[in-house]
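Colleague: This is the content of structure-v9.txt (compact mmCIF, C-alpha atoms):
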```txt
# COMPACT_ATOMS: atom_id res chain seq x y z
CA MET A 1 -1.83 13.37 -10.18
CA GLU A 2 1.28 15.54 -9.76
CA ASN A 3 -0.51 17.65 -7.13
CA ASN A 4 -1.41 14.52 -5.16
CA LEU A 5 2.17 13.26 -5.23
CA VAL A 6 3.64 16.62 -4.24
CA SER A 7 1.18 16.97 -1.34
CA ALA A 8 2.01 13.45 -0.19
CA VAL A 9 5.70 14.37 -0.15
CA LYS A 10 5.01 17.15 2.36
CA GLU A 11 3.92 14.69 5.06
CA GLU A 12 6.33 14.36 8.00
CA THR A 13 8.31 17.27 6.58
CA MET A 14 11.32 19.09 8.02
CA THR A 15 12.18 22.34 6.24
CA ILE A 16 15.78 22.90 5.31
CA GLY A 17 14.96 24.57 2.03
CA ARG A 18 13.54 23.77 -1.43
CA ILE A 19 15.49 23.19 -4.62
CA ARG A 20 14.58 22.79 -8.22
CA ALA A 21 17.43 20.88 -9.77
CA ALA A 22 18.27 19.53 -13.17
CA VAL A 23 20.12 16.24 -13.50
CA PRO A 24 23.60 16.29 -15.00
CA ARG A 25 23.38 14.50 -18.32
CA GLU A 26 26.41 12.28 -17.59
CA PRO A 27 28.55 11.37 -14.56
CA LYS A 28 30.64 14.39 -13.62
CA GLU A 29 34.31 14.25 -14.46
CA ARG A 30 36.77 15.73 -11.97
CA GLU A 31 40.35 16.78 -12.41
CA ALA A 32 42.84 15.32 -9.96
CA SER A 33 46.57 15.85 -9.57
CA SER A 34 48.92 12.88 -9.24
CA SER A 35 52.69 12.80 -9.23
CA PHE A 36 52.61 9.34 -10.80
CA PHE A 37 50.02 9.89 -13.55
CA GLY A 38 50.84 13.53 -14.24
CA PRO A 39 49.43 16.90 -13.21
CA LYS A 40 45.94 16.60 -14.75
CA VAL A 41 44.35 13.17 -14.58
CA ARG A 42 40.57 12.95 -15.22
CA GLU A 43 38.71 11.14 -12.40
CA VAL A 44 35.24 9.92 -13.41
CA SER A 45 32.60 9.88 -10.63
CA THR A 46 30.62 6.65 -10.31
CA ARG A 47 27.60 8.49 -8.85
CA ILE A 48 24.72 9.42 -11.13
CA VAL A 49 21.30 10.99 -10.71
CA LEU A 50 18.61 8.77 -12.22
CA SER A 51 15.72 9.91 -14.36
CA GLU A 52 12.21 9.76 -12.90
CA GLU A 53 11.36 6.50 -14.66
CA ALA A 54 14.61 4.82 -13.60
CA PHE A 55 14.35 6.04 -9.99
CA VAL A 56 10.74 4.85 -9.58
CA SER A 57 11.80 1.46 -10.96
CA MET A 58 14.68 1.28 -8.47
CA LEU A 59 12.32 2.21 -5.64
CA TYR A 60 10.03 -0.67 -6.67
CA LEU A 61 12.95 -3.11 -6.74
CA GLU A 62 14.25 -1.90 -3.38
CA ARG A 63 10.81 -2.55 -1.83
CA ARG A 64 10.90 -6.10 -3.15
CA ARG A 65 14.44 -6.66 -1.83
CA ALA A 66 13.49 -5.25 1.56
CA GLU A 67 10.44 -7.54 1.74
CA ARG A 68 12.50 -10.62 0.93
CA ALA A 69 15.54 -9.80 3.06
CA GLN A 70 13.55 -8.28 5.97
CA LYS A 71 15.72 -5.14 5.88
CA ARG A 72 14.81 -1.48 6.33
CA TYR A 73 15.49 1.48 4.10
CA ALA A 74 14.59 5.17 4.17
CA LEU A 75 13.27 7.27 1.29
CA LEU A 76 14.30 10.93 1.51
CA LEU A 77 12.40 13.38 -0.68
CA LEU A 78 13.65 16.87 -1.52
CA ASP A 79 10.97 19.25 -2.80
CA VAL A 80 12.86 21.30 -5.37
CA LYS A 81 10.26 22.97 -7.53
CA ASP A 82 10.65 26.60 -6.40
CA ALA A 83 14.36 27.11 -5.80
CA LEU A 84 15.90 27.57 -9.22
CA HIS A 85 14.57 30.86 -10.46
CA GLY A 86 16.66 33.16 -12.59
CA THR A 87 19.62 32.71 -14.88
CA GLN A 88 21.64 30.49 -12.51
CA LYS A 89 19.19 27.58 -12.61
CA LEU A 90 21.46 25.04 -14.28
CA ARG A 91 24.49 26.04 -12.23
CA THR A 92 22.54 25.75 -8.99
CA ALA A 93 21.16 22.40 -10.12
CA GLU A 94 24.67 21.08 -10.70
CA LYS A 95 25.75 22.24 -7.25
CA ILE A 96 22.83 20.48 -5.59
CA THR A 97 23.15 17.17 -7.40
CA GLN A 98 26.93 17.13 -6.98
CA THR A 99 26.54 17.85 -3.27
CA LEU A 100 24.03 15.04 -2.88
CA CYS A 101 26.50 12.66 -4.49
CA GLU A 102 29.23 13.82 -2.10
CA ILE A 103 27.31 13.71 1.21
CA THR A 104 25.47 10.41 0.71
CA ARG A 105 26.83 6.87 0.74
CA GLU A 106 27.86 5.20 -2.52
CA THR A 107 25.18 2.57 -1.90
CA ASP A 108 22.45 5.24 -1.67
CA ILE A 109 20.40 5.75 -4.85
CA ILE A 110 19.74 9.30 -6.07
CA GLY A 111 17.24 10.33 -8.73
CA TRP A 112 14.13 12.25 -9.71
CA TYR A 113 11.08 11.15 -7.78
CA LEU A 114 9.04 13.71 -9.73
CA GLN A 115 10.84 15.27 -12.66
CA ASP A 116 12.03 18.84 -12.04
CA GLN A 117 10.07 18.98 -8.79
CA VAL A 118 11.20 16.36 -6.28
CA LEU A 119 14.56 14.64 -5.87
CA GLY A 120 14.68 11.29 -4.07
CA ILE A 121 17.36 9.42 -2.15
CA ILE A 122 16.96 5.75 -1.24
CA CYS A 123 19.10 5.12 1.84
CA THR A 124 19.52 1.36 1.66
CA GLU A 125 19.99 -0.99 4.62
CA ILE A 126 19.74 1.46 7.50
CA GLY A 127 19.88 -1.35 10.06
CA LYS A 128 18.26 -0.91 13.45
CA ALA A 129 18.91 2.81 13.82
CA GLU A 130 16.02 4.75 15.33
CA ALA A 131 13.97 6.69 12.78
CA ARG A 132 14.16 9.83 14.92
CA ASP A 133 17.97 9.66 15.09
CA ILE A 134 18.19 9.26 11.30
CA ARG A 135 15.92 12.26 10.80
CA VAL A 136 17.89 14.52 13.12
CA ARG A 137 21.32 13.48 11.86
CA LEU A 138 20.55 13.69 8.13
CA THR A 139 18.51 16.89 8.43
CA GLU A 140 21.44 18.64 10.08
CA LYS A 141 23.91 17.19 7.55
CA PHE A 142 21.83 18.32 4.58
CA ARG A 143 21.14 21.75 6.09
CA GLU A 144 24.84 22.48 6.61
CA ALA A 145 25.76 21.27 3.12
CA PHE A 146 23.11 23.33 1.34
CA GLU A 147 23.81 26.46 3.36
CA ARG A 148 27.46 26.13 2.43
CA ILE A 149 26.91 25.85 -1.34
CA LEU A 150 23.71 27.89 -1.76
CA GLY A 151 23.68 30.36 1.11
CA LEU A 152 21.06 30.76 3.84
CA GLU A 153 18.31 32.15 1.62
CA LYS A 154 18.45 29.40 -1.00
CA ALA A 155 18.95 26.63 1.56
CA ALA A 156 15.87 27.83 3.42
CA GLN A 157 13.80 26.89 0.35
CA ILE A 158 14.64 23.19 0.46
CA THR A 159 12.06 20.83 1.98
CA LEU A 160 13.13 17.40 3.20
CA SER A 161 10.79 14.58 4.18
CA PHE A 162 11.48 11.06 5.45
CA HIS A 163 9.57 7.85 4.69
CA PHE A 164 10.67 4.51 6.17
CA PHE A 165 10.05 1.02 4.80
CA PRO A 166 8.66 -1.10 6.40
CA GLU A 167 6.48 1.78 7.50
CA GLU A 168 6.93 3.03 11.03
CA LYS A 169 4.16 4.96 12.77
CA GLU A 170 5.01 8.11 14.65
CA SER A 171 4.17 8.39 18.33
CA GLY A 172 0.60 9.61 18.79
CA ASN A 173 -0.37 8.29 15.35
CA SER A 174 -0.38 4.53 16.02
CA ASP A 175 -4.07 4.20 15.13
CA ASP A 176 -3.51 5.28 11.55
CA ASP A 177 -2.80 2.30 9.29
CA SER A 178 -2.92 4.29 6.07
CA ALA A 179 0.09 3.63 3.88
CA SER A 180 2.42 6.45 2.92
CA ILE A 181 1.73 6.74 -0.81
CA SER A 182 5.15 8.34 -1.21
CA LEU A 183 6.65 4.84 -0.89
CA TYR A 184 4.52 3.50 -3.75
CA PRO A 185 4.74 5.93 -6.71
CA ASP A 186 4.63 3.02 -9.18
CA LEU A 187 1.08 2.20 -8.05
CA HIS A 188 -0.13 5.72 -8.95
CA ARG A 189 1.64 6.17 -12.25
CA LYS A 190 -0.51 3.90 -14.37
CA ALA A 191 -0.21 3.66 -18.12
CA PRO A 192 -3.04 5.43 -19.99
CA SER A 193 -4.45 2.07 -21.11
CA ARG A 194 -4.64 0.86 -17.51
CA LYS A 195 -6.28 4.11 -16.39
CA PHE A 196 -8.93 3.61 -19.05
CA ALA A 197 -9.47 0.00 -17.95
CA LEU A 198 -9.80 1.09 -14.32
CA GLY A 199 -12.42 3.59 -15.44
CA ILE A 200 -14.36 0.76 -17.06
CA LYS A 201 -13.98 -1.31 -13.89
CA ARG A 202 -15.49 1.52 -11.85
CA ALA A 203 -18.37 1.87 -14.32
CA ILE A 204 -19.07 -1.87 -14.01
CA ASP A 205 -18.95 -1.54 -10.21
CA ILE A 206 -21.52 1.26 -10.21
CA ALA A 207 -23.88 -0.45 -12.67
CA GLY A 208 -23.54 -3.87 -11.05
CA SER A 209 -23.95 -2.74 -7.44
CA ALA A 210 -26.89 -0.44 -8.26
CA ALA A 211 -28.66 -3.27 -10.12
CA ALA A 212 -27.99 -5.73 -7.29
CA LEU A 213 -29.34 -3.36 -4.64
CA LEU A 214 -32.46 -2.75 -6.73
CA PHE A 215 -33.28 -6.34 -7.69
CA LEU A 216 -32.29 -7.86 -4.33
CA SER A 217 -34.32 -5.39 -2.27
CA PRO A 218 -37.12 -7.97 -1.63
CA LEU A 219 -34.49 -10.41 -0.37
CA PHE A 220 -33.13 -7.63 1.87
CA MET A 221 -36.51 -7.36 3.54
CA ILE A 222 -36.83 -11.12 4.13
CA ILE A 223 -33.32 -11.44 5.59
CA ALA A 224 -33.84 -8.36 7.78
CA ILE A 225 -37.04 -9.86 9.23
CA LEU A 226 -35.35 -13.23 9.92
CA VAL A 227 -32.33 -11.61 11.62
CA ARG A 228 -34.48 -9.44 13.90
CA ALA A 229 -36.93 -12.27 14.67
CA THR A 230 -34.28 -14.80 15.73
CA SER A 231 -31.85 -12.70 17.79
CA LYS A 232 -31.62 -9.38 19.55
CA GLY A 233 -29.66 -6.60 17.95
CA PRO A 234 -29.42 -4.59 14.72
CA VAL A 235 -30.02 -6.06 11.28
CA PHE A 236 -26.69 -4.85 9.92
CA PHE A 237 -23.26 -5.58 11.31
CA ARG A 238 -20.93 -2.61 10.88
CA GLN A 239 -17.21 -3.17 11.15
CA GLU A 240 -14.16 -1.02 10.48
CA ARG A 241 -12.02 -2.51 7.71
CA LEU A 242 -8.95 -1.37 5.79
CA GLY A 243 -9.37 -0.49 2.14
CA GLN A 244 -6.74 0.31 -0.47
CA PHE A 245 -3.64 1.92 1.04
CA GLY A 246 -4.96 1.06 4.51
CA LYS A 247 -7.73 3.67 4.40
CA LYS A 248 -10.41 2.79 6.95
CA PHE A 249 -14.05 2.44 6.00
CA THR A 250 -17.26 1.01 7.51
CA PHE A 251 -17.86 -2.48 6.15
CA LEU A 252 -21.46 -3.72 6.03
CA LYS A 253 -22.86 -7.24 6.48
CA PHE A 254 -26.09 -8.78 7.67
CA ARG A 255 -25.54 -9.67 11.32
CA SER A 256 -24.84 -13.40 11.65
CA MET A 257 -23.69 -13.46 15.29
CA ARG A 258 -25.25 -12.75 18.61
CA ASN A 259 -25.10 -9.09 19.53
CA ASP A 260 -22.13 -7.76 21.55
CA CYS A 261 -19.90 -10.81 20.94
CA ASP A 262 -16.28 -10.70 22.06
CA SER A 263 -14.00 -10.39 19.03
CA LYS A 264 -10.99 -11.72 20.97
CA ILE A 265 -11.82 -15.30 19.96
CA HIS A 266 -11.49 -14.44 16.28
CA GLU A 267 -8.51 -12.14 16.81
CA GLU A 268 -6.48 -14.82 18.58
CA TYR A 269 -7.36 -17.46 15.99
CA VAL A 270 -6.61 -15.27 12.97
CA THR A 271 -3.31 -14.04 14.43
CA LYS A 272 -2.16 -17.64 14.86
CA PHE A 273 -3.47 -18.63 11.43
CA ILE A 274 -1.59 -15.81 9.67
CA ALA A 275 1.59 -16.74 11.54
CA GLY A 276 1.17 -20.38 10.49
CA GLN A 277 0.70 -21.53 14.08
CA VAL A 278 -2.63 -23.27 13.55
CA ALA A 279 -2.07 -27.00 13.26
CA GLY A 280 -2.26 -28.20 9.68
CA ALA A 281 -3.58 -31.61 10.62
CA ALA A 282 -7.33 -31.87 10.19
CA GLN A 283 -9.43 -32.72 13.15
CA ASN A 284 -12.54 -34.81 12.64
CA GLY A 285 -11.92 -34.74 8.91
CA GLU A 286 -12.15 -30.92 8.69
CA LYS A 287 -9.52 -28.72 7.06
CA VAL A 288 -7.91 -25.75 8.73
CA THR A 289 -9.53 -22.56 7.38
CA PHE A 290 -9.19 -18.80 7.70
CA LYS A 291 -12.52 -18.66 9.54
CA ILE A 292 -13.37 -20.40 12.79
CA GLN A 293 -15.41 -23.51 12.12
CA LYS A 294 -18.46 -24.16 14.31
CA ASP A 295 -18.12 -20.71 15.87
CA PRO A 296 -20.36 -20.69 19.00
CA ARG A 297 -21.16 -16.99 18.49
CA ILE A 298 -23.08 -17.57 15.22
CA THR A 299 -26.90 -17.73 15.27
CA PRO A 300 -28.82 -20.45 13.34
CA VAL A 301 -29.96 -17.90 10.75
CA GLY A 302 -26.44 -16.51 10.65
CA ALA A 303 -25.03 -19.94 9.88
CA PHE A 304 -27.30 -20.18 6.84
CA LEU A 305 -26.40 -16.65 5.72
CA ARG A 306 -22.71 -17.42 5.95
CA LYS A 307 -23.02 -20.76 4.19
CA THR A 308 -24.79 -19.11 1.27
CA SER A 309 -22.75 -15.86 1.46
CA LEU A 310 -26.00 -13.88 1.74
CA ASP A 311 -24.53 -12.02 4.71
CA GLU A 312 -22.26 -10.24 2.20
CA VAL A 313 -25.11 -8.70 0.15
CA PRO A 314 -25.06 -5.28 1.94
CA GLN A 315 -21.52 -4.75 0.66
CA PHE A 316 -22.98 -3.74 -2.69
CA TRP A 317 -23.50 -0.39 -0.96
CA ASN A 318 -19.77 -0.22 -0.18
CA VAL A 319 -19.14 -0.87 -3.88
CA LEU A 320 -21.62 1.76 -5.02
CA ILE A 321 -19.97 4.53 -2.98
CA GLY A 322 -16.48 3.52 -4.11
CA GLU A 323 -15.04 1.95 -0.95
CA MET A 324 -14.92 -1.50 -2.53
CA SER A 325 -15.14 -3.12 -5.96
CA LEU A 326 -17.18 -6.07 -7.17
CA VAL A 327 -13.91 -7.99 -7.65
CA GLY A 328 -10.80 -7.69 -5.50
CA PRO A 329 -9.08 -8.96 -2.34
CA ARG A 330 -11.16 -9.11 0.81
CA PRO A 331 -10.61 -6.06 3.08
CA PRO A 332 -8.82 -7.02 6.32
CA LEU A 333 -9.57 -6.08 9.89
CA GLU A 334 -7.06 -3.82 11.61
CA TYR A 335 -5.78 -6.56 13.90
CA GLU A 336 -5.36 -8.87 10.91
CA PHE A 337 -3.28 -6.22 9.15
CA LYS A 338 -1.07 -5.75 12.20
CA ALA A 339 -0.32 -9.51 12.15
CA TYR A 340 0.72 -9.42 8.46
CA ASP A 341 4.26 -10.04 7.33
CA VAL A 342 5.69 -7.18 5.24
CA TRP A 343 4.92 -8.83 1.90
CA HIS A 344 1.35 -9.67 2.99
CA ARG A 345 0.56 -5.93 3.15
CA ARG A 346 0.74 -5.61 -0.62
CA ARG A 347 -2.71 -7.19 -0.86
CA VAL A 348 -4.26 -3.99 0.55
CA LEU A 349 -2.02 -1.69 -1.48
CA GLU A 350 -2.04 -2.83 -5.07
CA ILE A 351 -5.77 -2.86 -5.84
CA LYS A 352 -9.13 -1.94 -4.29
CA PRO A 353 -10.78 -4.64 -2.11
CA GLY A 354 -13.81 -6.48 -3.43
CA ILE A 355 -16.82 -8.65 -2.63
CA THR A 356 -15.50 -11.60 -4.65
CA GLY A 357 -12.11 -12.41 -6.07
CA LEU A 358 -9.65 -14.98 -7.32
CA TRP A 359 -9.34 -16.44 -3.84
CA GLN A 360 -13.10 -16.85 -3.50
CA VAL A 361 -13.50 -18.77 -6.76
CA GLU A 362 -10.26 -20.78 -6.63
CA GLY A 363 -9.49 -21.33 -2.98
CA ARG A 364 -11.95 -19.61 -0.67
CA SER A 365 -11.17 -20.39 2.98
CA ARG A 366 -9.72 -23.83 2.22
CA THR A 367 -6.22 -22.45 1.50
CA GLN A 368 -3.37 -21.50 3.81
CA PHE A 369 -3.08 -17.78 4.43
CA ASP A 370 0.09 -17.39 2.34
CA ASP A 371 -1.70 -19.12 -0.55
CA MET A 372 -4.60 -16.68 -0.19
CA VAL A 373 -2.23 -13.71 -0.33
CA ARG A 374 -0.45 -15.11 -3.37
CA LEU A 375 -3.79 -15.43 -5.18
CA ASP A 376 -4.64 -11.81 -4.31
CA LEU A 377 -1.24 -10.59 -5.51
CA LYS A 378 -1.57 -12.64 -8.69
CA TYR A 379 -4.94 -10.99 -9.32
CA ALA A 380 -3.44 -7.51 -8.86
CA ARG A 381 -0.51 -8.37 -11.14
CA VAL A 382 -2.49 -9.83 -14.07
CA TRP A 383 -5.72 -7.87 -13.58
CA SER A 384 -7.86 -7.07 -16.59
CA ILE A 385 -11.54 -6.41 -17.28
CA TRP A 386 -11.75 -9.87 -18.87
CA LEU A 387 -10.41 -11.49 -15.67
CA ASP A 388 -13.01 -9.60 -13.60
CA LEU A 389 -15.79 -10.84 -15.86
CA LYS A 390 -14.57 -14.44 -15.60
CA ILE A 391 -14.46 -14.21 -11.80
CA LEU A 392 -17.96 -12.69 -11.68
CA VAL A 393 -19.30 -15.51 -13.87
CA ARG A 394 -17.69 -18.16 -11.64
CA THR A 395 -18.84 -16.59 -8.36
CA PRO A 396 -22.47 -17.89 -8.36
CA GLY A 397 -21.15 -21.44 -8.75
CA ALA A 398 -18.77 -20.97 -5.82
CA VAL A 399 -21.63 -19.57 -3.73
CA VAL A 400 -24.04 -22.41 -4.62
CA SER A 401 -21.45 -25.09 -3.89
CA ALA A 402 -20.66 -23.40 -0.54
CA ASP A 403 -17.26 -25.08 -0.75
CA GLY A 404 -15.06 -23.56 1.94
CA ALA A 405 -17.80 -21.26 3.27
CA HIS A 406 -18.21 -20.91 7.06
```
What do you get writing this file as C-alpha cells?
Modeller:
Amino acid sequence: MENNLVSAVKEETMTIGRIRAAVPREPKEREASSSFFGPKVREVSTRIVLSEEAFVSMLYLERRRAERAQKRYALLLLDVKDALHGTQKLRTAEKITQTLCEITRETDIIGWYLQDQVLGIICTEIGKAEARDIRVRLTEKFREAFERILGLEKAAQITLSFHFFPEEKESGNSDDDSASISLYPDLHRKAPSRKFALGIKRAIDIAGSAAALLFLSPLFMIIAILVRATSKGPVFFRQERLGQFGKKFTFLKFRSMRNDCDSKIHEEYVTKFIAGQVAGAAQNGEKVTFKIQKDPRITPVGAFLRKTSLDEVPQFWNVLIGEMSLVGPRPPLEYEFKAYDVWHRRRVLEIKPGITGLWQVEGRSRTQFDDMVRLDLKYARVWSIWLDLKILVRTPGAVVSADGAH
C-alpha cells in the first residue's frame, strides 16, 4: 500500500529536492527580545506539524468543507524519504519543518501524509488563482527556502507535487477522468477488519458472477437469438463507463436499442436531470425519472429486456473480472460524470460500482438524482457484508415488480 501511495505522489511532480523529516514533538519555542518584557521572553509558535493520522483526518474534513462551500484548495506533497541520511537527520528535520511553518500561511495545514516519507501541506481557500501560477510561484518559493537552509545538494533531493481539489485536468489530458488518489488517502487506508470484509465481498462477487454466468447460459442463448432476429446489429452493447476512482472500463449489456443510435438525446436529458432542470410535474400521470421514458430508440425486444432488467445480465462478466461488484452504485457515463456537482463525484470514489444496489431496491429510477446519490453515499458509508446480502435478497423482488424500470 505504501508503494502505491508513494508512486501516486510522484504524479505531476516538480523536483526541488527530497527530504526525510521528523516532526517536532511540540510547537517550537523561540526567544525574543523586548524592552518592555525584558531581554529574553519566550515566544511560542502556534504552528504545528500533524501526525499522519491527524493530517489524513484534516484532509478528509477539508474535502467536505470544500464540497459544501464550493471552494478550492491545493494539496502539496513533499517526498522526503531519502534526504535525511547520516547523523544530522533530526537537525535537518527540524530545519525543514520549521521552514515550512515560516514560509506557508497560518491557515495552511502541515503534517505527515505518509509517516517519515511524505510531508503534506493543505493550502486552503486558494480562490480563483490559476493552477499553473500557483505551481510556479510556490515551487520557486520552496526551492529558494530549501537551498538556503540545506544547500544545493540537499535541496535537490526534495520532490514537490501539486494536487488541486476540485480536480483540475492538465492541458492535453482532458480525456482522463481518473481521480488523483493522492487527494483521497482515507479511502485507501482501511482498517484491517474492513480489508478482510472487502476480501469476502470480492469472494462473493467471484462465486456469484461465475454461478450466474453458468446457470444463465441457456437464457443468454435465447436473448441473443431474439436480439439478432428483431433488429440489425450486435447482440451485446459495449459502452465506456467510469469505475471506482474514475477508471474507465467497457460495460456490457444486451443491446436494447436500434444500432448506431445518437446518444445526444440521452446526454441532453441526463445533463438537465442532474442539474435539476427537468420539470418535476408529472405529465400524463408519469413521474420524472433518470431514464427517458418511451425512448423512441428502443426496440420491442429491448423494451422487454429493460423492463425485466435482463439487459443487465452480461455485466456478471464485468463482476467476474473485477471491474464491478454484485452490489454497488451504478457506473456513470463520462458525460454524466462531467455534469456532476463536486459532492456527486463521491459516488464513483468511495466504493466499486455494482449491478444492483441500495438505489435499485429502495428508489430505482423513481427518485430525484440527488436522492439517488445520497442513497449511494449512504451505502458506501454503512457498507457491510450483511447489507450486501440483504440487497441481493431484495433485488429479485425489485426486478419482478419492475417498479421504476424503463
Colleague: What is the atom CA of Ile109 of chain A-atom CA of Ile134 of chain A distance in Å, reported with one decimal?
Modeller: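 Distance reported for this atom pair: 16.7 Å.
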Colleague: Need to verify the contact set: Leu150 of chain A, 9 Å, only C-alpha atoms, exclusion of same-chain residues closer than 4 positions in sequence. Can you return it as number ranges by chain?
Modeller: A: 92, 95-96, 145-146, 154-155
Colleague: Grab the atom CA of Thr230 of chain A to atom CA of Asp311 of chain A distance for me, in Å with one decimal place.
Modeller: 15.0 Å
Colleague: Compare A:Met324, A:Lys390, A:Phe249, A:Tyr184 by their minimum atom-to-atom distance to Ser57 of chain A, counting all atoms listed in the file, and give me the closest one.
Modeller: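 Using all atoms listed in the file, Ser57 of chain A sits closest to A:Tyr184.
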Colleague: Which residue gives the smallest distance to Pro353 of chain A among A:Leu216, A:Met58, A:Met372, A:Leu242, with only C-alpha atoms counted?
Modeller: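 Among the listed residues, the smallest separation from Pro353 of chain A belongs to A:Leu242.
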Colleague: For atom CA of Thr107 of chain A and atom CA of Ile126 of chain A, determine how far apart the two atoms are, in Å to one decimal place.
Modeller: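 Between these atoms lies a distance of 10.9 Å.
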Colleague: Using all atoms listed in the file for the distances, tell me which of A:Phe236, A:Phe337, A:Phe142, A:Phe164 is nearest to Thr124 of chain A.
Modeller: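 The closest residue to Thr124 of chain A is A:Phe164.
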Colleague: So that each row is one residue of segment 293-396 of chain A with an atom at most 9 Å from segment 66-69 of chain A, can you give its shortest atom pair and the distance in Å to one decimal, using all atoms listed in the file, rows by chain and rising number, as JSON lines?
Modeller:
```
{"residue": "A:Asp341", "atom": "CA", "partner": "A:Glu67", "partner_atom": "CA", "distance": 8.7}
{"residue": "A:Val342", "atom": "CA", "partner": "A:Glu67", "partner_atom": "CA", "distance": 5.9}
{"residue": "A:Trp343", "atom": "CA", "partner": "A:Glu67", "partner_atom": "CA", "distance": 5.7}
```
Colleague: Counting all atoms listed in the file, figure out which residue out of A:Ile122, A:Val227, A:Leu90, A:Ile274 gets nearest to Arg258 of chain A.
Modeller: A:Val227
Colleague: May I ask which of the residues A:Gln315, A:Gln88, A:Thr395, A:Gln98 is the closest one to Leu358 of chain A, counting all atoms listed in the file?
Modeller: A:Thr395
Colleague: Around (-19.0, -8.2, -12.8), as given in the file, which residues come within 10 Å? Count all atoms listed in the file and list them as an MDAnalysis selection string.
Modeller: chainID A and resid 201 204:205 207:209 325:327 356 385:393 395
Colleague: Considering all atoms listed in the file, can you say which of A:Tyr340, A:Phe55, A:Phe254, A:Trp112 comes closest to Lys81 of chain A?
Modeller: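 The shortest atom-to-atom distance to Lys81 of chain A comes from A:Trp112.
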Colleague: I'd like the neighbourhood of segment 345-348 of chain A as a ChimeraX atom specification, where a residue qualifies if any of its atoms comes within 10 Å (using all atoms listed in the file), though same-chain residues fewer than 4 positions away should be ignored.
Modeller: /A:166,179,242-247,328-332,337-341,352-353,372-380
